[in-house]
Amino acid sequence: MKNILLLVTVFLAGHLFSQTEEWLNLGTDAKQSTYYYKPHSTNKAWIKIASPQITYYDNGKNKTVDGYQLNLWLFDCEEKQIGVVQTTTYDKSGNVLRTLHIKSYEIELQYVNPNSIGENFLQAFCKK
């Protein structure tokens, strides 16, 4: 009986852990960018943007690639504000093209516009 209980406990713990590791699809916009959400901490979450046209800044120029970005966002649910903490751009093969870390005192929280993708991010995070 103890072995069965241990087996069930291990299975449930593994299942719950895998559930927290999954990305939630937030939808696709008119430019064919697909947005995914994954919680990170009590006030931060990852937003993944997969697109055939990811734009990033490199060596003084804007560049566009088929790939994805992982963006760590800071959320203030009470004030309905969000701000970028970190962003990493990848090509479609998963090679890192650029990473930007923003110092905590430089993070600018901004109010989200109604009916925007930012509002979708805020709703996904604050409903938890």
# chains A, B, ... in the order shown; residues from 1 in each chain; ligands from 1

$ residues_around --residues "Asp29 in chain A" --least-positions-apart "4" --cutoff "12 Å" --atoms "only C-alpha atoms" --output "short mmCIF file (atom, residue, chain, number, x, y, z; two decimals) with N, CA and C atoms, in the first residue's frame"
data_model
loop_
_atom_site.label_atom_id
_atom_site.label_comp_id
_atom_site.auth_asym_id
_atom_site.auth_seq_id
_atom_site.Cartn_x
_atom_site.Cartn_y
_atom_site.Cartn_z
N ASN A 25 -0.85 29.58 -24.85
CA ASN A 25 -0.98 30.32 -26.10
C ASN A 25 -1.95 31.47 -25.89
N SER A 33 2.37 36.88 -35.76
CA SER A 33 3.16 36.68 -34.55
C SER A 33 2.28 35.95 -33.54
N THR A 34 2.80 34.86 -32.98
CA THR A 34 2.07 34.09 -31.98
C THR A 34 2.68 34.37 -30.62
N TYR A 35 1.83 34.61 -29.63
CA TYR A 35 2.26 34.99 -28.29
C TYR A 35 1.96 33.86 -27.31
N TYR A 36 2.95 33.59 -26.44
CA TYR A 36 2.82 32.56 -25.42
C TYR A 36 3.19 33.17 -24.07
N ILE A 49 7.37 35.39 -28.18
CA ILE A 49 6.77 35.86 -29.43
C ILE A 49 7.46 35.11 -30.56
N ALA A 50 6.71 34.27 -31.25
CA ALA A 50 7.24 33.53 -32.40
C ALA A 50 6.68 34.16 -33.66
N SER A 51 7.58 34.48 -34.61
CA SER A 51 7.13 35.19 -35.80
C SER A 51 8.12 35.01 -36.95
N SER A 116 -5.33 45.86 -26.35
CA SER A 116 -4.00 45.69 -26.93
C SER A 116 -3.42 44.34 -26.50
N ILE A 117 -2.31 43.94 -27.11
CA ILE A 117 -1.64 42.71 -26.71
C ILE A 117 -1.12 42.86 -25.28
N ASN A 120 -3.72 41.87 -22.99
CA ASN A 120 -3.79 40.41 -22.93
C ASN A 120 -2.73 39.84 -21.99
#

$ residues_around --residues "Lys80 in chain A" --least-positions-apart "2" --cutoff "8 Å" --atoms "only C-alpha atoms" --output "PyMOL selection string"
chain A and resi 75-78+82+111-112+122

$ closest_residue --among "A:Lys103, A:Lys127, A:Lys48, A:Lys38" --to "Asn71 in chain A" --atoms "only C-alpha atoms"
A:Lys48

$ select_by_dssp --residues "chain A" --states "helix (DSSP H, G or I)" --output "short mmCIF file (atom, residue, chain, number, x, y, z; two decimals) with C-alpha atoms, in the first residue's frame"
data_model
loop_
_atom_site.label_atom_id
_atom_site.label_comp_id
_atom_site.auth_asym_id
_atom_site.auth_seq_id
_atom_site.Cartn_x
_atom_site.Cartn_y
_atom_site.Cartn_z
CA LYS A 2 2.85 2.39 0.85
CA ASN A 3 4.46 1.64 -2.53
CA ILE A 4 1.23 2.52 -4.36
CA LEU A 5 0.87 5.74 -2.36
CA LEU A 6 4.50 6.64 -3.12
CA LEU A 7 4.00 5.89 -6.82
CA VAL A 8 0.85 8.05 -6.97
CA THR A 9 2.62 10.89 -5.12
CA VAL A 10 5.59 10.78 -7.51
CA PHE A 11 3.25 10.71 -10.53
CA LEU A 12 1.21 13.68 -9.26
CA ALA A 13 4.31 15.70 -8.38
CA GLY A 14 5.73 15.06 -11.86
CA HIS A 15 2.42 15.94 -13.50
CA LEU A 16 2.06 19.18 -11.53
CA PHE A 17 5.67 20.14 -12.30
CA SER A 18 5.15 19.53 -16.02
CA GLN A 19 1.98 21.63 -15.96
CA THR A 20 3.90 24.62 -14.64
CA SER A 104 15.95 47.21 -12.01
CA TYR A 105 16.10 50.97 -11.49
CA GLU A 106 15.71 51.56 -15.26
CA ILE A 117 -1.64 42.71 -26.71
CA GLY A 118 -0.28 44.33 -23.53
CA GLU A 119 -3.74 44.12 -22.01
CA ASN A 120 -3.79 40.41 -22.93
CA PHE A 121 -0.45 39.94 -21.14
CA LEU A 122 -1.76 41.76 -18.05
CA GLN A 123 -4.99 39.74 -18.00
CA ALA A 124 -3.10 36.43 -18.33
CA PHE A 125 -0.78 37.35 -15.44
CA CYS A 126 -3.23 39.00 -13.06
#

$ select_by_dssp --residues "range 63-110 of chain A" --states "strand (DSSP E or B)" --output "JSON, numbers by chain"
{"A": [63, 64, 65, 66, 67, 68, 69, 70, 71, 72, 73, 74, 75, 76, 81, 82, 83, 84, 85, 86, 87, 88, 89, 90, 91, 96, 97, 98, 99, 100, 101, 110]}

$ residues_around --residues "Tyr37 in chain A" --least-positions-apart "5" --cutoff "6 Å" --atoms "only C-alpha atoms" --output "list in words"
Trp23, Leu24, Trp46 and Ile47 of chain A

$ residues_around --residues "Leu72 in chain A" --least-positions-apart "6" --cutoff "9 Å" --atoms "only C-alpha atoms" --output "MDAnalysis selection string"
chainID A and resid 40 44:48 83:88

$ atom_distance --atom1 "CA of Thr89 in chain A" --atom2 "CA of Tyr68 in chain A"
6.0 Å

$ residues_around --residues "Ile54 in chain A" --least-positions-apart "6" --cutoff "8 Å" --atoms "only C-alpha atoms" --output "ChimeraX atom specification"
/A:64-69,89

$ atom_distance --atom1 "CA of Trp73 in chain A" --atom2 "CA of Asn43 in chain A"
8.4 Å
